[in-house]
file input_20.tsv (TSV, C-alpha atoms)
chain	number	residue	atom	x	y	z
A	1	MET	CA	29.09	-37.73	-2.41
A	2	ASN	CA	26.16	-40.03	-3.00
A	3	GLU	CA	23.33	-40.30	-5.51
A	4	TYR	CA	21.42	-37.49	-3.80
A	5	THR	CA	24.15	-34.88	-3.85
A	6	TYR	CA	23.49	-33.46	-7.30
A	7	PRO	CA	19.68	-33.47	-7.10
A	8	ILE	CA	19.77	-31.70	-3.72
A	9	LEU	CA	22.35	-29.23	-4.95
A	10	PHE	CA	20.25	-28.60	-8.05
A	11	GLY	CA	17.09	-28.07	-5.98
A	12	VAL	CA	18.81	-25.70	-3.55
A	13	ILE	CA	20.34	-23.61	-6.32
A	14	ILE	CA	17.10	-23.39	-8.30
A	15	GLY	CA	15.15	-22.51	-5.14
A	16	THR	CA	17.58	-19.76	-4.20
A	17	ILE	CA	17.53	-18.36	-7.73
A	18	ALA	CA	13.73	-18.43	-7.60
A	19	ARG	CA	13.83	-16.33	-4.43
A	20	MET	CA	16.23	-13.91	-6.11
A	21	ILE	CA	13.87	-13.50	-9.04
A	22	MET	CA	10.97	-12.84	-6.69
A	23	LEU	CA	13.02	-10.30	-4.73
A	24	LYS	CA	12.82	-7.52	-7.24
A	25	THR	CA	13.39	-4.12	-5.71
A	26	ASP	CA	11.24	-1.61	-7.56
A	27	TYR	CA	9.92	1.87	-6.88
A	28	ARG	CA	8.76	0.76	-3.46
A	29	GLN	CA	12.38	0.28	-2.42
A	30	TYR	CA	11.45	-2.56	-0.22
A	31	PRO	CA	13.27	-4.64	0.88
A	32	THR	CA	15.89	-1.98	1.16
A	33	TYR	CA	19.09	-2.41	-0.69
A	34	LEU	CA	21.54	-5.05	0.42
A	35	HIS	CA	20.92	-5.73	4.11
A	36	GLY	CA	17.20	-6.30	3.78
A	37	LYS	CA	17.84	-8.39	0.72
A	38	ILE	CA	20.43	-10.57	2.39
A	39	ILE	CA	17.95	-11.52	5.10
A	40	HIS	CA	15.48	-12.71	2.50
A	41	LEU	CA	18.06	-14.45	0.34
A	42	ALA	CA	19.31	-16.32	3.41
A	43	LEU	CA	15.77	-17.34	4.32
A	44	GLY	CA	15.16	-18.31	0.70
A	45	PHE	CA	18.26	-20.49	0.80
A	46	ILE	CA	17.00	-22.22	3.96
A	47	ALA	CA	13.60	-22.72	2.34
A	48	ALA	CA	15.23	-24.16	-0.77
A	49	GLY	CA	17.30	-26.51	1.39
A	50	LEU	CA	14.21	-27.75	3.20
A	51	GLY	CA	12.33	-28.35	-0.04
A	52	ALA	CA	15.24	-30.14	-1.67
A	53	VAL	CA	15.99	-32.44	1.25
A	54	ALA	CA	12.37	-33.54	1.68
A	55	VAL	CA	12.36	-35.79	-1.39
A	56	PRO	CA	15.49	-37.88	-0.60
A	57	ALA	CA	14.20	-38.18	2.97
A	58	ILE	CA	11.04	-39.84	1.71
A	59	MET	CA	12.99	-42.05	-0.67
A	60	GLU	CA	15.08	-43.27	2.24
A	61	LYS	CA	11.83	-44.08	4.08
A	62	GLU	CA	12.61	-41.42	6.70
A	63	PHE	CA	9.01	-40.32	6.91
A	64	THR	CA	9.41	-38.55	10.22
A	65	ALA	CA	11.77	-36.17	8.46
A	66	ILE	CA	8.73	-34.59	6.84
A	67	THR	CA	7.77	-33.09	10.19
A	68	PHE	CA	10.53	-30.56	9.79
A	69	LEU	CA	8.41	-28.94	7.10
A	70	THR	CA	6.08	-27.87	9.91
A	71	ILE	CA	9.03	-26.18	11.56
A	72	ALA	CA	9.64	-24.44	8.28
A	73	ALA	CA	6.03	-23.27	8.22
A	74	SER	CA	6.27	-21.69	11.65
A	75	GLN	CA	9.63	-20.23	10.71
A	76	PHE	CA	8.15	-18.46	7.71
A	77	ARG	CA	5.13	-17.29	9.62
A	78	GLU	CA	7.72	-15.54	11.73
A	79	VAL	CA	8.97	-13.86	8.56
A	80	ARG	CA	5.52	-12.42	8.08
A	81	ASN	CA	5.46	-11.07	11.62
A	82	MET	CA	8.90	-9.60	11.18
A	83	GLU	CA	7.90	-7.81	7.99
A	84	ARG	CA	4.68	-6.56	9.51
A	85	ASN	CA	6.42	-5.21	12.60
A	86	THR	CA	9.20	-3.52	10.69
A	87	LEU	CA	6.89	-1.87	8.19
A	88	SER	CA	4.40	-0.76	10.84
A	89	GLU	CA	7.21	0.81	12.84
A	90	LEU	CA	8.49	2.67	9.81
A	91	ASP	CA	5.05	3.72	8.63
A	92	GLY	CA	4.76	6.33	11.36
A	93	TYR	CA	7.64	8.24	9.81
A	94	GLU	CA	6.35	8.27	6.26
A	95	LEU	CA	4.94	11.56	4.96
A	96	VAL	CA	2.18	9.56	3.36
A	97	PRO	CA	1.87	6.24	5.21
A	98	ARG	CA	1.40	2.91	3.45
A	99	GLY	CA	-1.52	1.91	5.59
A	100	LYS	CA	-2.13	-1.38	7.39
A	101	THR	CA	-3.76	-3.18	4.46
A	102	TYR	CA	-0.79	-2.54	2.19
A	103	ILE	CA	1.63	-3.64	4.91
A	104	GLU	CA	-0.32	-6.82	5.51
A	105	GLY	CA	-0.29	-7.49	1.77
A	106	ILE	CA	3.49	-7.10	1.62
A	107	ALA	CA	3.98	-9.31	4.69
A	108	VAL	CA	1.79	-12.06	3.24
A	109	ALA	CA	3.68	-11.88	-0.04
A	110	PHE	CA	6.99	-12.40	1.78
A	111	GLU	CA	5.68	-15.45	3.59
A	112	SER	CA	4.07	-17.03	0.57
A	113	ARG	CA	7.15	-16.53	-1.58
A	114	ASN	CA	9.15	-18.69	0.79
A	115	TYR	CA	6.58	-21.44	0.33
A	116	LEU	CA	6.91	-21.03	-3.41
A	117	VAL	CA	10.63	-21.56	-2.99
A	118	ILE	CA	10.05	-24.77	-1.00
A	119	PHE	CA	7.65	-25.96	-3.68
A	120	THR	CA	10.07	-25.15	-6.50
A	121	SER	CA	13.04	-26.95	-5.00
A	122	LEU	CA	10.83	-29.89	-4.00
A	123	VAL	CA	9.51	-30.53	-7.48
A	124	THR	CA	12.84	-29.88	-9.21
A	125	THR	CA	14.68	-32.27	-6.89
A	126	LEU	CA	11.93	-34.82	-7.34
A	127	SER	CA	12.06	-34.67	-11.11
A	128	PHE	CA	15.85	-34.86	-11.05
A	129	LEU	CA	15.69	-38.02	-8.93
A	130	VAL	CA	12.82	-39.70	-10.76
A	131	TRP	CA	13.89	-38.82	-14.30
A	132	ASN	CA	17.05	-36.85	-15.03
A	133	VAL	CA	18.58	-33.40	-15.10
A	134	TYR	CA	16.94	-32.42	-18.40
A	135	VAL	CA	13.45	-33.07	-17.14
A	136	ALA	CA	14.39	-31.14	-14.01
A	137	ILE	CA	15.35	-28.15	-16.15
A	138	ILE	CA	12.00	-28.28	-17.98
A	139	VAL	CA	10.21	-28.46	-14.63
A	140	THR	CA	12.26	-25.47	-13.49
A	141	ILE	CA	11.03	-23.45	-16.46
A	142	ILE	CA	7.42	-24.43	-15.74
A	143	CYS	CA	7.91	-23.41	-12.10
A	144	TYR	CA	9.31	-20.08	-13.26
A	145	ILE	CA	6.23	-19.42	-15.36
A	146	ILE	CA	3.94	-20.38	-12.47
A	147	ILE	CA	5.86	-18.12	-10.09
A	148	ARG	CA	5.64	-15.18	-12.47
A	149	LYS	CA	1.93	-15.75	-12.82
A	150	ILE	CA	1.31	-15.98	-9.08
A	151	MET	CA	3.53	-13.00	-8.37
A	152	SER	CA	1.80	-10.52	-10.62
A	153	GLY	CA	-1.57	-9.61	-9.20
A	154	SER	CA	-3.90	-7.27	-11.01
A	155	THR	CA	-3.36	-3.53	-10.97
A	156	LEU	CA	-5.77	-0.67	-10.58
A	157	GLY	CA	-5.70	0.08	-14.30
A	158	ASP	CA	-7.46	-3.25	-14.89
A	159	ILE	CA	-10.46	-2.42	-12.75
A	160	VAL	CA	-11.06	1.33	-13.01
A	161	ASP	CA	-11.09	4.08	-15.61
A	162	ILE	CA	-8.94	7.02	-14.57
A	163	GLU	CA	-9.91	10.52	-15.57
A	164	PRO	CA	-8.05	13.70	-14.72
A	165	SER	CA	-10.27	16.24	-13.06
A	166	ASN	CA	-10.22	19.79	-11.78
A	167	VAL	CA	-9.47	20.75	-8.22
A	168	THR	CA	-11.88	23.50	-7.18
A	169	PHE	CA	-13.00	25.36	-4.10
A	170	ASP	CA	-16.58	26.07	-3.19
A	171	GLY	CA	-16.16	28.45	-0.26
A	172	ALA	CA	-13.81	26.59	2.05
A	173	GLY	CA	-14.75	23.19	0.65
A	174	LEU	CA	-12.23	21.47	-1.60
A	175	TYR	CA	-13.75	19.45	-4.44
A	176	VAL	CA	-12.41	17.05	-7.04
A	177	ASP	CA	-15.04	16.94	-9.75
A	178	ASN	CA	-18.18	16.96	-7.59
A	179	ILE	CA	-16.66	14.91	-4.78
A	180	TYR	CA	-16.11	16.75	-1.52
A	181	ILE	CA	-12.60	16.23	-0.16
A	182	MET	CA	-12.09	18.49	2.86
A	183	ASN	CA	-12.49	21.94	4.37
A	184	ILE	CA	-9.50	24.24	3.95
A	185	GLY	CA	-9.90	27.51	5.82
A	186	LEU	CA	-6.88	29.62	5.05
A	187	PRO	CA	-6.82	31.43	1.69
A	188	GLU	CA	-3.06	30.97	1.67
A	189	ARG	CA	-3.43	27.18	1.84
A	190	GLN	CA	-6.18	27.25	-0.76
A	191	LYS	CA	-3.82	29.03	-3.13
A	192	GLU	CA	-1.12	26.40	-2.55
A	193	ILE	CA	-3.60	23.63	-3.13
A	194	LEU	CA	-4.88	25.14	-6.37
A	195	GLU	CA	-1.31	25.58	-7.51
A	196	TYR	CA	0.10	22.18	-6.57
A	197	GLY	CA	-2.93	19.95	-6.26
A	198	MET	CA	-4.10	17.50	-8.87
A	199	GLY	CA	-7.37	15.68	-9.04
A	200	PHE	CA	-8.36	12.36	-10.56
A	201	VAL	CA	-11.62	10.50	-10.60
A	202	LEU	CA	-11.52	6.72	-10.63
A	203	ILE	CA	-14.62	5.20	-12.16
A	204	PRO	CA	-15.23	1.55	-11.29
A	205	LYS	CA	-15.63	-0.70	-14.32
A	206	THR	CA	-17.90	-3.21	-12.58
A	207	PHE	CA	-20.09	-3.37	-9.51
A	208	ASP	CA	-17.58	-5.56	-7.64
A	209	VAL	CA	-14.89	-2.94	-8.01
A	210	ARG	CA	-16.94	-0.38	-6.11
A	211	SER	CA	-16.32	-2.08	-2.79
A	212	THR	CA	-12.68	-2.77	-3.61
A	213	ILE	CA	-11.80	0.85	-4.26
A	214	ALA	CA	-13.93	1.97	-1.34
A	215	ASN	CA	-11.62	0.05	0.99
A	216	LEU	CA	-9.67	2.55	3.06
A	217	GLY	CA	-6.50	0.47	2.87
A	218	GLN	CA	-6.68	0.36	-0.91
A	219	ARG	CA	-7.18	4.11	-1.02
A	220	GLN	CA	-4.19	4.71	1.24
A	221	ALA	CA	-2.11	2.44	-0.98
A	222	ILE	CA	-2.98	4.61	-4.00
A	223	LEU	CA	-1.93	7.75	-2.13
A	224	HIS	CA	1.29	6.18	-0.91
A	225	ASP	CA	2.32	4.88	-4.31
A	226	VAL	CA	1.54	8.16	-6.03
A	227	SER	CA	3.51	10.08	-3.40
A	228	VAL	CA	6.47	7.74	-3.77
A	229	SER	CA	6.54	7.98	-7.55
A	230	LEU	CA	5.71	11.65	-8.05
A	231	GLY	CA	6.93	13.17	-4.80
A	232	VAL	CA	4.70	14.96	-2.35
A	233	PHE	CA	4.25	18.65	-1.59
A	234	ARG	CA	4.04	18.44	2.17
A	235	ASP	CA	6.06	18.41	5.35
A	236	SER	CA	5.53	17.57	8.99
A	237	GLY	CA	3.63	20.43	10.56
A	238	THR	CA	1.50	21.08	7.48
A	239	PRO	CA	-1.43	18.79	8.09
A	240	ALA	CA	-3.61	20.81	5.73
A	241	LEU	CA	-1.50	19.68	2.79
A	242	VAL	CA	-2.54	16.08	2.82
A	243	PRO	CA	-3.40	13.92	-0.18
A	244	LEU	CA	-6.83	12.42	0.31
A	245	ILE	CA	-9.32	10.16	-1.42
A	246	LYS	CA	-13.05	10.48	-0.90
A	247	ARG	CA	-15.93	8.56	-2.33
A	248	ASP	CA	-19.01	9.59	-4.22
A	249	LEU	CA	-21.72	7.71	-2.38
A	250	ASP	CA	-24.09	7.81	-5.33
A	251	ASP	CA	-22.12	5.82	-7.85
A	252	GLY	CA	-19.01	4.51	-6.07
A	253	ARG	CA	-16.55	6.70	-7.95
A	254	ILE	CA	-13.61	7.90	-5.90
A	255	GLY	CA	-12.02	11.32	-6.09
A	256	VAL	CA	-8.24	11.28	-5.69
A	257	PHE	CA	-6.66	14.50	-4.50
A	258	ILE	CA	-2.87	14.50	-4.62
A	259	LEU	CA	-0.10	17.05	-4.16
A	260	PRO	CA	2.71	15.83	-6.39
A	261	GLN	CA	6.06	17.49	-6.80
A	262	ASP	CA	6.01	16.45	-10.43
A	263	LYS	CA	2.78	17.74	-11.97
A	264	ASP	CA	2.60	15.49	-14.98
A	265	VAL	CA	-0.92	14.25	-15.72
A	266	GLU	CA	0.14	11.42	-18.03
A	267	LYS	CA	2.68	10.13	-15.56
A	268	ALA	CA	0.22	10.36	-12.68
A	269	ILE	CA	-2.36	8.32	-14.60
A	270	LYS	CA	0.30	5.72	-15.33
A	271	VAL	CA	1.29	5.56	-11.66
A	272	ILE	CA	-2.30	5.25	-10.45
A	273	SER	CA	-3.10	2.55	-12.97
A	274	SER	CA	-0.12	0.48	-11.86
A	275	VAL	CA	-1.00	0.58	-8.15
A	276	PRO	CA	-1.49	-3.05	-7.08
A	277	VAL	CA	-4.98	-4.16	-6.18
A	278	LEU	CA	-4.52	-5.32	-2.60
A	279	GLU	CA	-5.59	-8.90	-2.00
A	280	ASN	CA	-7.23	-7.93	1.24
A	281	ALA	CA	-9.33	-5.22	-0.39
A	282	ILE	CA	-10.89	-7.38	-3.10
A	283	ARG	CA	-14.59	-8.02	-2.62
A	284	MET	CA	-16.89	-10.02	-4.83
A	285	PRO	CA	-20.50	-9.01	-4.13
A	286	SER	CA	-21.49	-10.61	-7.45
A	287	GLU	CA	-20.46	-14.01	-6.04
A	288	SER	CA	-22.89	-13.77	-3.18
A	289	LYS	CA	-25.92	-16.04	-3.37
A	290	ALA	CA	-28.31	-13.17	-2.96
A	291	ASN	CA	-27.00	-11.55	-6.12
A	292	GLN	CA	-26.92	-14.71	-8.18
A	293	LYS	CA	-30.62	-15.42	-7.81
A	294	GLU	CA	-31.57	-12.36	-9.79
B	1	MET	CA	-13.61	5.66	23.92
B	2	GLN	CA	-10.78	7.49	22.29
B	3	ILE	CA	-11.44	10.93	20.86
B	4	GLU	CA	-9.59	11.21	17.58
B	5	LYS	CA	-10.46	14.73	16.57
B	6	ALA	CA	-10.45	17.78	18.76
B	7	ILE	CA	-10.93	21.50	18.34
B	8	LEU	CA	-7.71	23.04	19.58
B	9	ALA	CA	-8.54	26.71	19.08
B	10	THR	CA	-11.25	28.98	17.79
B	11	ILE	CA	-10.46	32.20	15.95
B	12	THR	CA	-13.18	34.73	15.29
B	13	THR	CA	-13.90	38.35	14.52
B	14	ASN	CA	-17.34	38.13	16.06
B	15	LYS	CA	-17.44	37.70	19.83
B	16	GLN	CA	-21.14	36.84	19.75
B	17	LYS	CA	-20.53	33.60	17.87
B	18	VAL	CA	-18.43	31.81	20.45
B	19	THR	CA	-18.44	30.94	24.10
B	20	ALA	CA	-16.13	28.79	26.16
B	21	GLY	CA	-14.62	25.49	25.07
B	22	ALA	CA	-11.34	25.54	23.20
B	23	SER	CA	-9.08	28.58	23.49
B	24	ILE	CA	-10.70	31.53	21.76
B	25	PHE	CA	-8.77	34.16	19.84
B	26	ILE	CA	-10.73	37.28	19.05
B	27	CYS	CA	-9.44	39.33	16.14
B	28	GLU	CA	-10.31	42.79	14.82
B	29	THR	CA	-10.14	42.13	11.10
B	30	SER	CA	-10.38	39.11	8.86
B	31	GLU	CA	-6.75	39.62	7.75
B	32	GLU	CA	-5.64	39.40	11.34
B	33	MET	CA	-7.83	36.34	11.77
B	34	GLU	CA	-6.17	34.61	8.82
B	35	LYS	CA	-2.73	35.44	10.12
B	36	VAL	CA	-3.53	34.11	13.59
B	37	ALA	CA	-5.11	31.00	12.09
B	38	ALA	CA	-2.06	30.36	9.88
B	39	ASN	CA	0.26	30.71	12.85
B	40	LEU	CA	-1.84	28.51	15.07
B	41	GLU	CA	-2.08	25.90	12.33
B	42	ALA	CA	1.68	25.64	12.18
B	43	ILE	CA	2.14	25.72	15.94
B	44	LEU	CA	-0.58	23.24	16.85
B	45	ASP	CA	-0.08	20.91	13.89
B	46	GLY	CA	-3.78	21.05	13.15
B	47	ILE	CA	-5.81	22.14	10.16
B	48	SER	CA	-7.63	25.50	9.94
B	49	HIS	CA	-11.19	24.98	8.88
B	50	ALA	CA	-13.50	27.83	7.99
B	51	LEU	CA	-16.96	27.49	9.44
B	52	SER	CA	-17.96	30.88	8.12
B	53	ASP	CA	-16.25	34.08	7.03
B	54	GLU	CA	-15.83	35.19	10.59
B	55	LEU	CA	-15.16	31.90	12.33
B	56	TYR	CA	-12.17	29.56	11.97
B	57	ILE	CA	-11.37	26.50	14.02
B	58	ILE	CA	-8.11	24.58	14.33
B	59	VAL	CA	-8.78	20.87	14.39
B	60	LYS	CA	-6.36	18.11	15.24
B	61	HIS	CA	-7.03	15.16	12.91
call {"tool": "encode", "arguments": {"input": "input_20.tsv", "output": "structure tokens"}}
result
Amino acid sequence: MNEYTYPILFGVIIGTIARMIMLKTDYRQYPTYLHGKIIHLALGFIAAGLGAVAVPAIMEKEFTAITFLTIAASQFREVRNMERNTLSELDGYELVPRGKTYIEGIAVAFESRNYLVIFTSLVTTLSFLVWNVYVAIIVTIICYIIIRKIMSGSTLGDIVDIEPSNVTFDGAGLYVDNIYIMNIGLPERQKEILEYGMGFVLIPKTFDVRSTIANLGQRQAILHDVSVSLGVFRDSGTPALVPLIKRDLDDGRIGVFILPQDKDVEKAIKVISSVPVLENAIRMPSESKANQKE
Amino acid sequence: MQIEKAILATITTNKQKVTAGASIFICETSEEMEKVAANLEAILDGISHALSDELYIIVKH
């Protein structure tokens, strides 16, 4: 036991708890229960340890010890690769795949959350050492608020208006509102689609949003999330029964065609509006210099 | 270049409309055509698209 024991212990515990808070398993069921979680809790513990030890190392004038943070960085980049590989492998067996953009978003989140853990235990240990345990607790609360803020990105409900719409056939062409979705030849399939299909039109609230919802990865994410939450009327070997999203080129609206097992319009709107806006899909045409001159 | 979509089969009631290419199934009636198309869709894991009332194609997407 020395004067660093309690601060380091405090930092490690707070860091690990922070990782636990960030590891909320929701409707996505990822990471999967227990085993997947243990991997991330263990990594979170390591991250917390690294963050907590960094401060005493500096105080003891062991500046070279800081270099191990670079090892941590490469370690957590590996986490991102691991997540990406696992999810890509599994995606081939999903009835409605997540899509690469969604997977990349999840992988990035896993990496960055480990850095948040390092940051949390670093500042809490620091404040414990410089001031006392009470200040450290206040800092912990501030960190918690920051983490919650960083964790929750915007959702689709913030950027688009969602309107339920009719699914219709014009000859063999399937339409949601006036947006062409696909050609379905067999009358039998058409009947199934009219019976089980649901249509929604997402209307972008601003010009920037048009390019975001046009992103194919973002569209796939919508389909995946809806299929997870409401079920999907499809099986392998029925490629005609596929949820799809197409775009109206004139005004950037997108037509969402889904085949839910649970045909509840209110619920579907709620699910669509809580689909995360993928970081990698966000575009800001209004920030471009060409647009600002006007 | 990788070809992502391909016509796997053509089903028609009108011989005049098609020549060689993918396998062609010539049917007598439109009911028969629909039945053949539905079967082929399931077997080939493709989607039946109607080009006209007398011509269906099975496309692998």
call {"tool": "atom_distance", "arguments": {"input": "input_20.tsv", "atom1": "CA of Ser154 in chain A", "atom2": "CA of Glu83 in chain A"}}
result
22.4 Å
call {"tool": "residues_around", "arguments": {"input": "input_20.tsv", "residues": "Leu34 in chain A", "least_positions_apart": "6", "cutoff": "12 Å", "atoms": "all atoms listed in the file", "output": "MDAnalysis selection string"}}
result
chainID A and resid 23:25 40:42
call {"tool": "residues_around", "arguments": {"input": "input_20.tsv", "residues": "Asp262 in chain A", "least_positions_apart": "4", "cutoff": "9 Å", "atoms": "only C-alpha atoms", "output": "number ranges by chain"}}
result
A: 229-232, 267-268
call {"tool": "residues_around", "arguments": {"input": "input_20.tsv", "residues": "Ala109 in chain A", "least_positions_apart": "6", "cutoff": "12 Å", "atoms": "only C-alpha atoms", "output": "list in words"}}
result
Arg19, Met22, Leu23, Phe76, Arg77, Val79, Arg80, Asn81, Glu83, Arg84, Tyr102, Ile103, Tyr115, Leu116, Ile150, Met151, Ser152, Gly153, Leu278, Glu279 and Asn280 of chain A
call {"tool": "interface_residues", "arguments": {"input": "input_20.tsv", "of": "chain B", "to": "chain A", "cutoff": "12 Å", "atoms": "only C-alpha atoms", "output": "number ranges by chain"}}
result
B: 11, 30-61
call {"tool": "atom_distance", "arguments": {"input": "input_20.tsv", "atom1": "CA of Ser274 in chain A", "atom2": "CA of Gly199 in chain A"}}
result
17.1 Å
call {"tool": "atom_distance", "arguments": {"input": "input_20.tsv", "atom1": "CA of Leu249 in chain A", "atom2": "CA of Glu163 in chain A"}}
result
17.9 Å
call {"tool": "residues_around", "arguments": {"input": "input_20.tsv", "residues": "Lys15 in chain B", "least_positions_apart": "6", "cutoff": "12 Å", "atoms": "all atoms listed in the file", "output": "PDB file with C-alpha atoms, keeping the file's coordinate frame"}}
result
ATOM      1  CA  ILE B  24     -10.700  31.530  21.760  1.00  0.00           C
ATOM      2  CA  PHE B  25      -8.770  34.160  19.840  1.00  0.00           C
ATOM      3  CA  ILE B  26     -10.730  37.280  19.050  1.00  0.00           C
ATOM      4  CA  CYS B  27      -9.440  39.330  16.140  1.00  0.00           C
ATOM      5  CA  GLU B  28     -10.310  42.790  14.820  1.00  0.00           C
ATOM      6  CA  GLU B  54     -15.830  35.190  10.590  1.00  0.00           C
ATOM      7  CA  LEU B  55     -15.160  31.900  12.330  1.00  0.00           C
TER       8      LEU B  55
END
call {"tool": "residues_around", "arguments": {"input": "input_20.tsv", "residues": "Asn132 in chain A", "least_positions_apart": "6", "cutoff": "12 Å", "atoms": "only C-alpha atoms", "output": "short mmCIF file (atom, residue, chain, number, x, y, z; two decimals) with C-alpha atoms, keeping the file's coordinate frame"}}
result
data_model
loop_
_atom_site.label_atom_id
_atom_site.label_comp_id
_atom_site.auth_asym_id
_atom_site.auth_seq_id
_atom_site.Cartn_x
_atom_site.Cartn_y
_atom_site.Cartn_z
CA GLU A 3 23.33 -40.30 -5.51
CA TYR A 6 23.49 -33.46 -7.30
CA PRO A 7 19.68 -33.47 -7.10
CA PHE A 10 20.25 -28.60 -8.05
CA THR A 124 12.84 -29.88 -9.21
CA THR A 125 14.68 -32.27 -6.89
CA LEU A 126 11.93 -34.82 -7.34
CA ILE A 138 12.00 -28.28 -17.98
CA VAL A 139 10.21 -28.46 -14.63
#
